[in-house]
file model_13.txt (compact mmCIF, C-alpha atoms and all ligand atoms)
# COMPACT_ATOMS: atom_id res chain seq x y z
CA MET A 178 -35.51 -66.23 -49.27
CA GLY A 179 -33.35 -65.64 -46.23
CA SER A 180 -34.56 -64.63 -42.81
CA LEU A 181 -32.59 -61.38 -43.07
CA GLU A 182 -34.38 -60.14 -46.15
CA GLN A 183 -34.17 -56.38 -46.53
CA THR A 184 -37.18 -54.14 -46.81
CA PRO A 185 -37.60 -52.23 -50.09
CA ARG A 186 -36.45 -49.05 -48.41
CA GLN A 187 -33.31 -50.69 -47.10
CA ARG A 188 -32.60 -52.04 -50.57
CA ILE A 189 -33.11 -48.61 -52.15
CA ILE A 190 -30.79 -47.01 -49.59
CA ALA A 191 -28.17 -49.66 -50.30
CA LEU A 192 -28.47 -49.20 -54.07
CA LEU A 193 -28.21 -45.41 -53.88
CA THR A 194 -25.31 -45.18 -51.47
CA GLY A 195 -22.28 -43.84 -53.29
CA THR A 196 -23.97 -43.46 -56.68
CA LEU A 197 -26.76 -41.68 -58.58
CA LEU A 198 -29.72 -43.53 -60.10
CA SER A 199 -33.02 -42.45 -61.62
CA SER A 200 -36.31 -43.80 -60.30
CA HIS A 201 -36.63 -45.70 -63.59
CA GLN A 202 -33.30 -47.42 -63.00
CA LEU A 203 -34.28 -48.21 -59.40
CA ALA A 204 -37.60 -49.64 -60.60
CA GLN A 205 -35.78 -52.00 -62.93
CA LEU A 206 -33.24 -53.04 -60.30
CA LEU A 207 -35.93 -53.65 -57.68
CA GLY A 208 -38.57 -55.11 -59.96
CA MET A 209 -41.28 -52.75 -58.77
CA PRO A 210 -43.31 -49.99 -60.46
CA GLU A 211 -41.64 -46.62 -60.70
CA ARG A 212 -44.40 -44.93 -58.71
CA HIS A 213 -43.70 -47.32 -55.83
CA VAL A 214 -40.04 -46.33 -55.98
CA GLU A 215 -41.04 -42.67 -55.78
CA ASP A 216 -43.26 -43.37 -52.79
CA HIS A 217 -40.39 -45.11 -50.99
CA LEU A 218 -38.02 -42.28 -51.93
CA THR A 219 -40.35 -39.73 -50.34
CA HIS A 220 -40.10 -41.59 -47.04
CA ILE A 221 -36.37 -42.15 -47.37
CA VAL A 222 -35.81 -38.41 -47.87
CA LYS A 223 -37.72 -37.70 -44.66
CA SER A 224 -35.88 -40.30 -42.61
CA LEU A 225 -32.45 -39.28 -43.92
CA ALA A 226 -33.18 -35.65 -43.10
CA ARG A 227 -32.93 -36.72 -39.46
CA ASP A 228 -29.87 -38.90 -40.01
CA PRO A 229 -26.62 -36.97 -39.46
CA ALA A 230 -24.55 -39.82 -40.95
CA ARG A 231 -26.14 -39.74 -44.40
CA THR A 232 -27.19 -37.10 -46.91
CA PHE A 233 -29.78 -37.56 -49.65
CA LEU A 234 -28.62 -36.12 -52.97
CA LEU A 235 -30.95 -34.97 -55.73
CA GLU A 236 -29.64 -34.21 -59.18
CA PRO A 237 -32.47 -32.15 -60.67
CA SER A 238 -34.16 -32.66 -64.01
CA ASP A 239 -33.30 -30.37 -66.87
CA CYS A 240 -34.67 -29.62 -70.29
CA GLN A 241 -32.73 -31.20 -73.14
CA ASN A 242 -34.01 -28.56 -75.54
CA CYS A 243 -33.16 -25.29 -73.77
CA ALA A 244 -31.16 -26.52 -70.73
CA TYR A 245 -33.67 -25.11 -68.27
CA ALA A 246 -32.89 -26.68 -64.87
CA PHE A 247 -35.67 -27.56 -62.45
CA ARG A 248 -33.63 -26.54 -59.43
CA ASP A 249 -36.46 -25.30 -57.26
CA ARG A 250 -38.46 -28.43 -57.71
CA THR A 251 -39.04 -30.30 -54.47
CA ARG A 252 -41.12 -33.17 -55.77
CA LEU A 253 -39.26 -36.29 -56.76
CA THR A 254 -41.11 -37.11 -59.93
CA ARG A 255 -40.03 -36.06 -63.36
CA PRO A 256 -41.73 -32.91 -64.67
CA SER A 257 -43.72 -33.52 -67.83
CA ARG A 258 -42.97 -30.32 -69.68
CA CYS A 259 -40.49 -27.45 -69.70
CA PRO A 260 -42.08 -24.21 -68.42
CA ARG A 261 -39.78 -22.12 -70.60
CA CYS A 262 -39.87 -23.78 -74.03
CA ARG A 263 -42.66 -26.36 -73.49
CA SER A 264 -40.46 -29.19 -74.66
CA GLU A 265 -41.23 -32.61 -73.23
CA ALA A 266 -37.62 -33.74 -73.52
CA ILE A 267 -36.97 -33.60 -69.80
CA THR A 268 -34.24 -35.68 -68.22
CA SER A 269 -35.12 -37.81 -65.21
CA PRO A 270 -33.90 -36.56 -61.85
CA ARG A 271 -31.35 -38.83 -60.24
CA TYR A 272 -30.93 -39.67 -56.58
CA GLY A 273 -28.05 -40.72 -54.41
CA ILE A 274 -27.02 -41.11 -50.81
CA ARG A 275 -23.69 -39.96 -49.46
CA ASN A 276 -22.31 -41.13 -46.17
CA THR A 277 -21.34 -38.02 -44.24
CA ASP A 278 -19.17 -39.65 -41.63
CA THR A 279 -15.78 -38.22 -40.81
CA GLY A 280 -13.98 -39.81 -43.74
CA ALA A 281 -12.15 -37.76 -46.34
ZN ZN B 301 -36.91 -26.05 -72.25
call {"tool": "encode", "arguments": {"input": "model_13.txt", "output": "structure tokens", "more": "lines below"}}
Ligand SMILES: [Zn+2]
result
Amino acid sequence: MGSLEQTPRQRIIALLTGTLLSSHQLAQLLGMPERHVEDHLTHIVKSLARDPARTFLLEPSDCQNCAYAFRDRTRLTRPSRCPRCRSEAITSPRYGIRNTDTGA
């Protein structure tokens, strides 16, 4: 336990920078329930929306049965059922953070 321990949100931001992870993967890495991860993500999205140096990326869920993509979905949680074919084989959305500084 160091004195510079990061908050859960700082840890999530660090884990997501430069990669894509599902909330399930984040929950395992952080050792916290997935719904807590989603709650933190909601706040991270809001704070990064005001941060010109970083962009929050969302790779949407899609249906593994008919390939329907949930592109208009704004909530972060995984949909339970496909509206087109009613399959429940929905992939988890994945999240990432890209630094948008003046690099490449
Ligand atoms: Zn479907």
call {"tool": "atom_distance", "arguments": {"input": "model_13.txt", "atom1": "atom CA of A:Glu211", "atom2": "atom CA of A:Arg263"}}
result
24.0 Å
call {"tool": "residues_near_ligand", "arguments": {"input": "model_13.txt", "ligand": "ligand ZN 301 (chain B)", "cutoff": "8 Å", "atoms": "only C-alpha atoms and all ligand atoms", "output": "list in words"}}
result
Asp239, Cys240, Gln241, Asn242, Cys243, Ala244, Tyr245, Arg258, Cys259, Pro260, Arg261, Cys262, Arg263, Ser264, Glu265, Ala266 and Ile267 of chain A
call {"tool": "closest_residue", "arguments": {"input": "model_13.txt", "among": "A:Met209, A:Asp249, A:Ser269, A:Asp278", "to": "A:Leu197", "atoms": "all atoms listed in the file"}}
result
A:Ser269
call {"tool": "residues_around", "arguments": {"input": "model_13.txt", "residues": "A:Asp228", "least_positions_apart": "4", "cutoff": "12 Å", "atoms": "only C-alpha atoms", "output": "number ranges by chain"}}
result
A: 221-224, 232-233, 274-278
call {"tool": "axis_aligned_box", "arguments": {"input": "model_13.txt", "around": "stretch 217-224 of chain A", "padding_each_side": "5 Å", "output": "lines of an AutoDock Vina configuration file"}}
result
center_x = -38.1
center_y = -41.4
center_z = -47.3
size_x = 14.6
size_y = 17.4
size_z = 19.3
call {"tool": "atom_distance", "arguments": {"input": "model_13.txt", "atom1": "atom CA of A:Ile189", "atom2": "atom CA of A:Thr254"}}
result
16.0 Å
call {"tool": "atom_distance", "arguments": {"input": "model_13.txt", "atom1": "atom CA of A:Ala246", "atom2": "atom CA of A:Pro270"}}
result
10.4 Å
call {"tool": "closest_residue", "arguments": {"input": "model_13.txt", "among": "A:Gly273, A:Arg248, A:Leu253, A:Thr184", "to": "A:Asp216", "atoms": "all atoms listed in the file"}}
result
A:Leu253
call {"tool": "closest_residue", "arguments": {"input": "model_13.txt", "among": "A:Val214, A:Leu207, A:Leu193, A:Leu198", "to": "A:Glu236", "atoms": "all atoms listed in the file"}}
result
A:Leu198
call {"tool": "closest_residue", "arguments": {"input": "model_13.txt", "among": "A:Ala226, A:Thr219, A:Ser199, A:Arg212", "to": "A:Ser238", "atoms": "all atoms listed in the file"}}
result
A:Ser199
call {"tool": "build_atoms", "arguments": {"input": "model_13.txt", "residues": "stretch 252-263 of chain A", "atoms": "N, CA and C atoms", "output": "mmCIF file, in the coordinates of the input"}}
result
data_model
loop_
_atom_site.group_PDB
_atom_site.id
_atom_site.type_symbol
_atom_site.label_atom_id
_atom_site.label_comp_id
_atom_site.auth_asym_id
_atom_site.auth_seq_id
_atom_site.Cartn_x
_atom_site.Cartn_y
_atom_site.Cartn_z
ATOM 1 N N ARG A 252 -40.553 -31.842 -55.568
ATOM 2 C CA ARG A 252 -41.120 -33.170 -55.770
ATOM 3 C C ARG A 252 -40.103 -34.058 -56.448
ATOM 4 N N LEU A 253 -40.260 -35.349 -56.274
ATOM 5 C CA LEU A 253 -39.260 -36.290 -56.760
ATOM 6 C C LEU A 253 -39.553 -36.772 -58.168
ATOM 7 N N THR A 254 -40.757 -36.569 -58.622
ATOM 8 C CA THR A 254 -41.110 -37.110 -59.930
ATOM 9 C C THR A 254 -40.637 -36.202 -61.046
ATOM 10 N N ARG A 255 -40.518 -36.797 -62.206
ATOM 11 C CA ARG A 255 -40.030 -36.060 -63.360
ATOM 12 C C ARG A 255 -41.103 -35.101 -63.870
ATOM 13 N N PRO A 256 -40.742 -33.831 -64.089
ATOM 14 C CA PRO A 256 -41.730 -32.910 -64.670
ATOM 15 C C PRO A 256 -42.068 -33.331 -66.091
ATOM 16 N N SER A 257 -43.283 -33.029 -66.527
ATOM 17 C CA SER A 257 -43.720 -33.520 -67.830
ATOM 18 C C SER A 257 -43.355 -32.567 -68.961
ATOM 19 N N ARG A 258 -43.117 -31.307 -68.617
ATOM 20 C CA ARG A 258 -42.970 -30.320 -69.680
ATOM 21 C C ARG A 258 -42.138 -29.152 -69.170
ATOM 22 N N CYS A 259 -41.330 -28.591 -70.070
ATOM 23 C CA CYS A 259 -40.490 -27.450 -69.700
ATOM 24 C C CYS A 259 -41.351 -26.180 -69.625
ATOM 25 N N PRO A 260 -41.285 -25.433 -68.524
ATOM 26 C CA PRO A 260 -42.080 -24.210 -68.420
ATOM 27 C C PRO A 260 -41.569 -23.094 -69.315
ATOM 28 N N ARG A 261 -40.362 -23.193 -69.792
ATOM 29 C CA ARG A 261 -39.780 -22.120 -70.600
ATOM 30 C C ARG A 261 -40.032 -22.340 -72.095
ATOM 31 N N CYS A 262 -39.735 -23.547 -72.586
ATOM 32 C CA CYS A 262 -39.870 -23.780 -74.030
ATOM 33 C C CYS A 262 -40.949 -24.804 -74.365
ATOM 34 N N ARG A 263 -41.578 -25.402 -73.329
ATOM 35 C CA ARG A 263 -42.660 -26.360 -73.490
ATOM 36 C C ARG A 263 -42.227 -27.677 -74.122
#
